[in-house]
$ cat target-v3.cif   # mmCIF, C-alpha atoms
data_structure
loop_
_atom_site.group_PDB
_atom_site.id
_atom_site.type_symbol
_atom_site.label_atom_id
_atom_site.label_comp_id
_atom_site.auth_asym_id
_atom_site.auth_seq_id
_atom_site.Cartn_x
_atom_site.Cartn_y
_atom_site.Cartn_z
ATOM 1 C CA MET A 211 20.465 33.355 55.801
ATOM 2 C CA THR A 212 20.363 33.474 52.000
ATOM 3 C CA GLN A 213 20.729 37.048 50.755
ATOM 4 C CA ILE A 214 19.085 38.135 47.493
ATOM 5 C CA LEU A 215 19.760 41.424 45.710
ATOM 6 C CA ILE A 216 16.697 42.907 43.993
ATOM 7 C CA VAL A 217 17.512 45.468 41.285
ATOM 8 C CA GLU A 218 14.194 47.045 40.278
ATOM 9 C CA ASP A 219 13.359 50.711 39.669
ATOM 10 C CA GLU A 220 9.625 50.386 40.368
ATOM 11 C CA PRO A 221 9.230 50.622 44.177
ATOM 12 C CA ARG A 222 5.902 48.779 44.171
ATOM 13 C CA ILE A 223 7.305 45.754 42.346
ATOM 14 C CA ALA A 224 10.519 45.767 44.387
ATOM 15 C CA ALA A 225 8.574 45.848 47.660
ATOM 16 C CA PHE A 226 6.251 43.090 46.438
ATOM 17 C CA VAL A 227 9.158 40.793 45.573
ATOM 18 C CA ALA A 228 11.001 41.588 48.809
ATOM 19 C CA ALA A 229 7.903 40.827 50.910
ATOM 20 C CA GLY A 230 7.378 37.521 49.142
ATOM 21 C CA LEU A 231 11.016 36.507 49.583
ATOM 22 C CA LYS A 232 10.866 37.414 53.271
ATOM 23 C CA ALA A 233 7.794 35.215 53.722
ATOM 24 C CA ALA A 234 9.717 32.381 52.025
ATOM 25 C CA GLY A 235 12.630 32.739 54.446
ATOM 26 C CA TYR A 236 15.060 34.830 52.382
ATOM 27 C CA ALA A 237 16.673 38.154 53.223
ATOM 28 C CA SER A 238 16.807 40.791 50.493
ATOM 29 C CA HIS A 239 18.255 44.187 49.651
ATOM 30 C CA ILE A 240 16.745 46.556 47.072
ATOM 31 C CA GLU A 241 18.596 48.764 44.600
ATOM 32 C CA HIS A 242 16.651 51.025 42.253
ATOM 33 C CA THR A 243 19.575 51.757 39.904
ATOM 34 C CA GLY A 244 22.197 49.606 38.203
ATOM 35 C CA THR A 245 25.356 51.628 38.886
ATOM 36 C CA PRO A 246 26.281 50.082 42.280
ATOM 37 C CA VAL A 247 25.236 46.525 41.489
ATOM 38 C CA ALA A 248 28.513 44.990 40.263
ATOM 39 C CA GLU A 249 30.381 46.454 43.232
ATOM 40 C CA LEU A 250 27.772 45.197 45.696
ATOM 41 C CA VAL A 251 27.785 41.689 44.220
ATOM 42 C CA ALA A 252 31.595 41.579 44.182
ATOM 43 C CA GLY A 253 31.520 42.103 47.955
ATOM 44 C CA GLY A 254 30.296 38.521 48.298
ATOM 45 C CA ASP A 255 27.273 39.257 50.490
ATOM 46 C CA PHE A 256 24.641 38.051 48.034
ATOM 47 C CA ASP A 257 23.680 34.562 46.869
ATOM 48 C CA LEU A 258 21.458 35.541 43.923
ATOM 49 C CA VAL A 259 20.441 38.636 41.933
ATOM 50 C CA ILE A 260 16.998 39.475 40.552
ATOM 51 C CA LEU A 261 17.729 42.066 37.877
ATOM 52 C CA ASP A 262 15.335 44.294 35.933
ATOM 53 C CA VAL A 263 16.327 45.325 32.408
ATOM 54 C CA GLY A 264 14.666 48.757 32.228
ATOM 55 C CA LEU A 265 16.698 50.647 34.799
ATOM 56 C CA PRO A 266 16.879 54.465 34.806
ATOM 57 C CA ASP A 267 20.665 54.794 34.630
ATOM 58 C CA ILE A 268 22.158 51.685 32.941
ATOM 59 C CA ASP A 269 20.548 49.070 30.729
ATOM 60 C CA GLY A 270 20.105 45.852 32.693
ATOM 61 C CA PHE A 271 22.016 43.846 30.096
ATOM 62 C CA GLU A 272 25.060 46.062 30.666
ATOM 63 C CA VAL A 273 24.670 45.650 34.441
ATOM 64 C CA LEU A 274 24.636 41.888 33.883
ATOM 65 C CA ARG A 275 27.846 42.063 31.836
ATOM 66 C CA GLN A 276 29.515 44.060 34.612
ATOM 67 C CA VAL A 277 28.387 41.513 37.204
ATOM 68 C CA ARG A 278 29.617 38.591 35.110
ATOM 69 C CA ARG A 279 33.064 40.144 34.679
ATOM 70 C CA ARG A 280 33.548 40.433 38.440
ATOM 71 C CA SER A 281 31.325 37.660 39.836
ATOM 72 C CA PRO A 282 30.874 34.972 37.159
ATOM 73 C CA GLY A 283 29.364 32.380 39.487
ATOM 74 C CA ILE A 284 26.442 34.210 41.088
ATOM 75 C CA PRO A 285 22.988 33.225 39.764
ATOM 76 C CA VAL A 286 21.142 36.085 38.006
ATOM 77 C CA ILE A 287 17.446 36.044 37.126
ATOM 78 C CA MET A 288 16.297 38.726 34.684
ATOM 79 C CA LEU A 289 12.908 40.235 35.566
ATOM 80 C CA THR A 290 11.556 42.469 32.818
ATOM 81 C CA ALA A 291 8.658 43.616 30.689
ATOM 82 C CA ARG A 292 10.670 42.837 27.547
ATOM 83 C CA SER A 293 9.262 39.435 26.626
ATOM 84 C CA ALA A 294 10.214 39.178 22.944
ATOM 85 C CA VAL A 295 12.312 36.174 21.991
ATOM 86 C CA ARG A 296 15.211 38.417 20.935
ATOM 87 C CA ASP A 297 15.264 39.998 24.406
ATOM 88 C CA ARG A 298 15.254 36.614 26.144
ATOM 89 C CA VAL A 299 18.083 35.489 23.895
ATOM 90 C CA ALA A 300 20.023 38.699 24.618
ATOM 91 C CA GLY A 301 19.637 38.145 28.356
ATOM 92 C CA LEU A 302 20.756 34.531 28.222
ATOM 93 C CA GLU A 303 23.691 35.338 25.975
ATOM 94 C CA ALA A 304 24.756 38.138 28.313
ATOM 95 C CA GLY A 305 25.010 35.536 31.069
ATOM 96 C CA ALA A 306 21.589 35.393 32.734
ATOM 97 C CA ASP A 307 20.673 32.108 34.404
ATOM 98 C CA ASP A 308 16.944 32.603 33.916
ATOM 99 C CA TYR A 309 14.473 35.087 32.441
ATOM 100 C CA VAL A 310 11.049 35.903 33.921
ATOM 101 C CA PRO A 311 8.807 38.262 31.883
ATOM 102 C CA LYS A 312 6.417 40.750 33.506
ATOM 103 C CA PRO A 313 3.673 40.430 34.518
ATOM 104 C CA PHE A 314 4.690 37.428 36.562
ATOM 105 C CA SER A 315 3.402 35.090 39.229
ATOM 106 C CA PHE A 316 5.439 35.347 42.416
ATOM 107 C CA GLU A 317 5.061 31.582 42.900
ATOM 108 C CA GLU A 318 6.819 31.039 39.569
ATOM 109 C CA LEU A 319 9.553 33.549 40.426
ATOM 110 C CA LEU A 320 10.074 31.858 43.799
ATOM 111 C CA ALA A 321 10.329 28.437 42.145
ATOM 112 C CA ARG A 322 12.983 29.783 39.786
ATOM 113 C CA VAL A 323 14.881 31.383 42.673
ATOM 114 C CA ARG A 324 14.921 28.088 44.555
ATOM 115 C CA SER A 325 16.005 26.203 41.435
ATOM 116 C CA ARG A 326 18.908 28.594 40.747
ATOM 117 C CA LEU A 327 20.055 28.439 44.370
ATOM 118 C CA ARG A 328 20.051 24.627 44.289
ATOM 119 C CA VAL A 329 22.180 24.648 41.144
ATOM 120 C CA SER A 330 24.569 27.146 42.730
ATOM 121 C CA VAL A 331 25.085 24.842 45.706
ATOM 122 C CA GLN A 332 25.454 21.833 43.418
ATOM 123 C CA GLU A 333 28.316 23.515 41.537
ATOM 124 C CA THR A 334 30.595 22.964 44.532
ATOM 125 C CA SER A 335 29.974 19.211 44.414
ATOM 126 C CA LEU A 336 32.409 16.725 42.903
ATOM 127 C CA THR A 337 29.541 14.489 41.787
ATOM 128 C CA LEU A 338 26.863 15.935 39.529
ATOM 129 C CA ARG A 339 23.571 14.099 39.041
ATOM 130 C CA HIS A 340 20.537 14.718 36.880
ATOM 131 C CA GLY A 341 17.949 12.103 36.030
ATOM 132 C CA GLY A 342 19.805 8.884 35.365
ATOM 133 C CA ILE A 343 23.091 10.650 34.567
ATOM 134 C CA GLU A 344 25.905 10.793 37.126
ATOM 135 C CA LEU A 345 29.193 12.586 36.478
ATOM 136 C CA ASP A 346 32.181 12.425 38.849
ATOM 137 C CA VAL A 347 34.335 15.505 38.313
ATOM 138 C CA ARG A 348 37.281 14.095 40.268
ATOM 139 C CA THR A 349 37.597 10.694 38.590
ATOM 140 C CA ARG A 350 36.172 11.847 35.220
ATOM 141 C CA ARG A 351 33.759 8.905 35.201
ATOM 142 C CA VAL A 352 30.240 9.015 33.832
ATOM 143 C CA ARG A 353 27.373 6.631 34.480
ATOM 144 C CA VAL A 354 24.014 6.502 32.725
ATOM 145 C CA ASP A 355 21.349 4.409 34.448
ATOM 146 C CA ASP A 356 24.135 2.787 36.538
ATOM 147 C CA LYS A 357 26.113 1.809 33.445
ATOM 148 C CA GLU A 358 29.560 3.386 33.056
ATOM 149 C CA ILE A 359 30.225 5.013 29.685
ATOM 150 C CA ASP A 360 33.332 6.501 28.064
ATOM 151 C CA LEU A 361 33.472 10.166 27.077
ATOM 152 C CA SER A 362 36.279 12.010 25.343
ATOM 153 C CA ALA A 363 37.781 14.999 27.163
ATOM 154 C CA ARG A 364 35.699 17.444 25.128
ATOM 155 C CA GLU A 365 32.519 15.396 25.518
ATOM 156 C CA PHE A 366 33.097 15.291 29.273
ATOM 157 C CA ALA A 367 33.610 19.075 29.412
ATOM 158 C CA LEU A 368 30.375 19.689 27.528
ATOM 159 C CA ALA A 369 28.463 17.167 29.643
ATOM 160 C CA GLU A 370 29.734 18.889 32.796
ATOM 161 C CA VAL A 371 28.402 22.246 31.588
ATOM 162 C CA PHE A 372 24.966 20.734 30.990
ATOM 163 C CA LEU A 373 24.882 18.985 34.375
ATOM 164 C CA ARG A 374 25.870 22.154 36.179
ATOM 165 C CA HIS A 375 22.930 23.949 34.540
ATOM 166 C CA PRO A 376 20.089 21.389 34.376
ATOM 167 C CA ASP A 377 16.843 22.512 32.714
ATOM 168 C CA GLN A 378 18.504 25.787 31.651
ATOM 169 C CA VAL A 379 18.603 26.818 27.999
ATOM 170 C CA LEU A 380 22.242 27.351 27.030
ATOM 171 C CA SER A 381 23.145 29.169 23.824
ATOM 172 C CA ARG A 382 25.850 27.856 21.523
ATOM 173 C CA GLU A 383 28.003 30.824 22.515
ATOM 174 C CA GLN A 384 27.658 29.980 26.226
ATOM 175 C CA LEU A 385 28.540 26.345 25.572
ATOM 176 C CA LEU A 386 31.552 27.293 23.477
ATOM 177 C CA SER A 387 32.837 29.658 26.155
ATOM 178 C CA ALA A 388 32.299 27.213 29.022
ATOM 179 C CA ALA A 389 33.496 23.975 27.399
ATOM 180 C CA TRP A 390 36.131 25.233 24.978
ATOM 181 C CA GLY A 391 37.391 28.123 27.107
ATOM 182 C CA TYR A 392 37.890 30.667 24.335
ATOM 183 C CA ASP A 393 36.004 32.592 21.681
ATOM 184 C CA PHE A 394 35.211 30.333 18.755
ATOM 185 C CA ASP A 395 34.043 31.072 15.230
ATOM 186 C CA PRO A 396 30.294 31.737 15.696
ATOM 187 C CA GLY A 397 29.696 30.102 12.333
ATOM 188 C CA SER A 398 31.209 26.819 13.488
ATOM 189 C CA ASN A 399 28.933 23.838 14.104
ATOM 190 C CA VAL A 400 31.267 22.248 16.664
ATOM 191 C CA VAL A 401 28.665 22.501 19.455
ATOM 192 C CA ASP A 402 26.016 20.797 17.336
ATOM 193 C CA VAL A 403 28.477 18.022 16.465
ATOM 194 C CA TYR A 404 29.374 17.339 20.088
ATOM 195 C CA VAL A 405 25.746 17.497 21.189
ATOM 196 C CA ARG A 406 25.060 14.699 18.692
ATOM 197 C CA TYR A 407 27.956 12.711 20.192
ATOM 198 C CA LEU A 408 26.534 13.182 23.694
ATOM 199 C CA ARG A 409 23.036 12.163 22.639
ATOM 200 C CA LYS A 410 24.406 8.863 21.363
ATOM 201 C CA LYS A 411 26.047 8.190 24.730
ATOM 202 C CA LEU A 412 23.720 9.854 27.271
ATOM 203 C CA GLY A 413 20.464 9.057 25.485
ATOM 204 C CA ALA A 414 18.678 10.435 22.448
ATOM 205 C CA ASP A 415 16.314 12.519 24.597
ATOM 206 C CA ALA A 416 18.889 13.682 27.148
ATOM 207 C CA ILE A 417 19.594 17.017 25.445
ATOM 208 C CA GLN A 418 16.752 18.993 23.907
ATOM 209 C CA THR A 419 17.061 21.497 21.080
ATOM 210 C CA VAL A 420 15.333 24.811 21.850
ATOM 211 C CA ARG A 421 14.723 26.335 18.442
ATOM 212 C CA GLY A 422 16.487 29.643 17.936
ATOM 213 C CA MET A 423 18.022 29.642 21.432
ATOM 214 C CA GLY A 424 20.291 26.638 22.029
ATOM 215 C CA TYR A 425 20.178 23.405 24.021
ATOM 216 C CA ARG A 426 18.846 22.198 27.361
ATOM 217 C CA LEU A 427 19.557 19.120 29.479
ATOM 218 C CA ALA A 428 16.111 17.572 29.784
#
$ encode --input "target-v3.cif" --output "C-alpha cells"
Amino acid sequence: MTQILIVEDEPRIAAFVAAGLKAAGYASHIEHTGTPVAELVAGGDFDLVILDVGLPDIDGFEVLRQVRRRSPGIPVIMLTARSAVRDRVAGLEAGADDYVPKPFSFEELLARVRSRLRVSVQETSLTLRHGGIELDVRTRRVRVDDKEIDLSAREFALAEVFLRHPDQVLSREQLLSAAWGYDFDPGSNVVDVYVRYLRKKLGADAIQTVRGMGYRLA
C-alpha cells in the first residue's frame, strides 16, 4: 500500500488529511515536527511527503532541503498558510514538487497527491509521454504527433526534465541543475535560449512561461 508521510504541527489538520487519505486507499504516518523527517524518508518506507512550512522546531523549507539531500526522488507537496508568490517560489526552488496553500480543499490536495504519485512511477519508465510528445530515454528518439524529430544532446536533456515533471512549474535554477548537472551563472539566459529551441521543435505552445516563476510543459 502507498505510504504517505504527513508533516503538520496542527493535530486537527493532520488528522483531517490522514482520514481523507485513508478513505482514498492510502496509508499515512503523522509527524508534528521536522527534525526526524529526513531520516524517516531516507528509510525508504514512504512514497510521498506532505510537508507544512510552519513547523515548531525547523522551518519547512530547511526540512525540504534535508530531504532532498538524502532522498532526491521522493515527491514532496508543501502544505502551508504562506501563500505569497515569494513563498511559493521559495518552496519550488528548494525542491518541492507542488505547493498547496491553506485553507485548502481536500479534493484538490488528493488530486495533487495522485498526480505526483503518477509522475513518480513514470520516472522509472524508459518511454516518457505527454500529450503528443513521446521521448524514448534508451534510444534517445523523440516523436511529436507520430513524427520523429532531431534534438541535440542538451535539448534532449531539457526535454526529458520537462516530460518527467509534466504540468509542474520548474524554475530556471531547477532546470539548470537537472539538465546541465552543475551550478550555472544565475544571470545566464541559457535556459531561455534552449526553451526557445524546444518550442520550435516540440510546438510553440508546448512549453508555457509562468511569469516570475519559470516554465511548465503544457
$ residues_around --input "target-v3.cif" --residues "range 268-279 of chain A" --least-positions-apart "5" --cutoff "8 Å" --atoms "all atoms listed in the file" --output "PyMOL selection string"
chain A and resi 243-245+247-248+251-252+261-263+286+300-301+304-306
$ write_last_selection --input "target-v3.cif" --atoms "C-alpha atoms" --output "PDB file, in the frame of the given file"
ATOM      1  CA  THR A 243      19.575  51.757  39.904  1.00  0.00           C
ATOM      2  CA  GLY A 244      22.197  49.606  38.203  1.00  0.00           C
ATOM      3  CA  THR A 245      25.356  51.628  38.886  1.00  0.00           C
ATOM      4  CA  VAL A 247      25.236  46.525  41.489  1.00  0.00           C
ATOM      5  CA  ALA A 248      28.513  44.990  40.263  1.00  0.00           C
ATOM      6  CA  VAL A 251      27.785  41.689  44.220  1.00  0.00           C
ATOM      7  CA  ALA A 252      31.595  41.579  44.182  1.00  0.00           C
ATOM      8  CA  LEU A 261      17.729  42.066  37.877  1.00  0.00           C
ATOM      9  CA  ASP A 262      15.335  44.294  35.933  1.00  0.00           C
ATOM     10  CA  VAL A 263      16.327  45.325  32.408  1.00  0.00           C
ATOM     11  CA  VAL A 286      21.142  36.085  38.006  1.00  0.00           C
ATOM     12  CA  ALA A 300      20.023  38.699  24.618  1.00  0.00           C
ATOM     13  CA  GLY A 301      19.637  38.145  28.356  1.00  0.00           C
ATOM     14  CA  ALA A 304      24.756  38.138  28.313  1.00  0.00           C
ATOM     15  CA  GLY A 305      25.010  35.536  31.069  1.00  0.00           C
ATOM     16  CA  ALA A 306      21.589  35.393  32.734  1.00  0.00           C
TER      17      ALA A 306
END
$ atom_distance --input "target-v3.cif" --atom1 "CA of Leu386 in chain A" --atom2 "CA of Arg406 in chain A"
15.0 Å
$ residues_around --input "target-v3.cif" --residues "Gln384 in chain A" --least-positions-apart "6" --cutoff "12 Å" --atoms "only C-alpha atoms" --output "PDB file with C-alpha atoms, in the frame of the given file"
ATOM      1  CA  VAL A 299      18.083  35.489  23.895  1.00  0.00           C
ATOM      2  CA  ALA A 300      20.023  38.699  24.618  1.00  0.00           C
ATOM      3  CA  GLY A 301      19.637  38.145  28.356  1.00  0.00           C
ATOM      4  CA  LEU A 302      20.756  34.531  28.222  1.00  0.00           C
ATOM      5  CA  GLU A 303      23.691  35.338  25.975  1.00  0.00           C
ATOM      6  CA  ALA A 304      24.756  38.138  28.313  1.00  0.00           C
ATOM      7  CA  GLY A 305      25.010  35.536  31.069  1.00  0.00           C
ATOM      8  CA  ALA A 306      21.589  35.393  32.734  1.00  0.00           C
ATOM      9  CA  ASP A 307      20.673  32.108  34.404  1.00  0.00           C
ATOM     10  CA  LEU A 368      30.375  19.689  27.528  1.00  0.00           C
ATOM     11  CA  VAL A 371      28.402  22.246  31.588  1.00  0.00           C
ATOM     12  CA  PHE A 372      24.966  20.734  30.990  1.00  0.00           C
ATOM     13  CA  HIS A 375      22.930  23.949  34.540  1.00  0.00           C
ATOM     14  CA  GLN A 378      18.504  25.787  31.651  1.00  0.00           C
ATOM     15  CA  TRP A 390      36.131  25.233  24.978  1.00  0.00           C
ATOM     16  CA  GLY A 391      37.391  28.123  27.107  1.00  0.00           C
ATOM     17  CA  TYR A 392      37.890  30.667  24.335  1.00  0.00           C
ATOM     18  CA  ASP A 393      36.004  32.592  21.681  1.00  0.00           C
ATOM     19  CA  PHE A 394      35.211  30.333  18.755  1.00  0.00           C
ATOM     20  CA  PRO A 396      30.294  31.737  15.696  1.00  0.00           C
ATOM     21  CA  VAL A 401      28.665  22.501  19.455  1.00  0.00           C
ATOM     22  CA  MET A 423      18.022  29.642  21.432  1.00  0.00           C
ATOM     23  CA  GLY A 424      20.291  26.638  22.029  1.00  0.00           C
ATOM     24  CA  TYR A 425      20.178  23.405  24.021  1.00  0.00           C
ATOM     25  CA  ARG A 426      18.846  22.198  27.361  1.00  0.00           C
TER      26      ARG A 426
END
$ resolve_selection --input "target-v3.cif" --expression "the PyMOL selection byres ((chain A and resi 309-323) around 6)" --output "list in words"
Ile287, Met288, Leu289, Thr290, Ala291, Ser293, Asp308, Arg324, Ser325 and Arg326 of chain A
$ resolve_selection --input "target-v3.cif" --expression "the PyMOL selection byres ((chain A and resi 362) around 12)" --output "list in words"
Arg350, Arg351, Val352, Ile359, Asp360, Leu361, Ala363, Arg364, Glu365, Phe366, Ala367, Leu368, Ala369, Tyr404, Tyr407, Leu408 and Lys411 of chain A
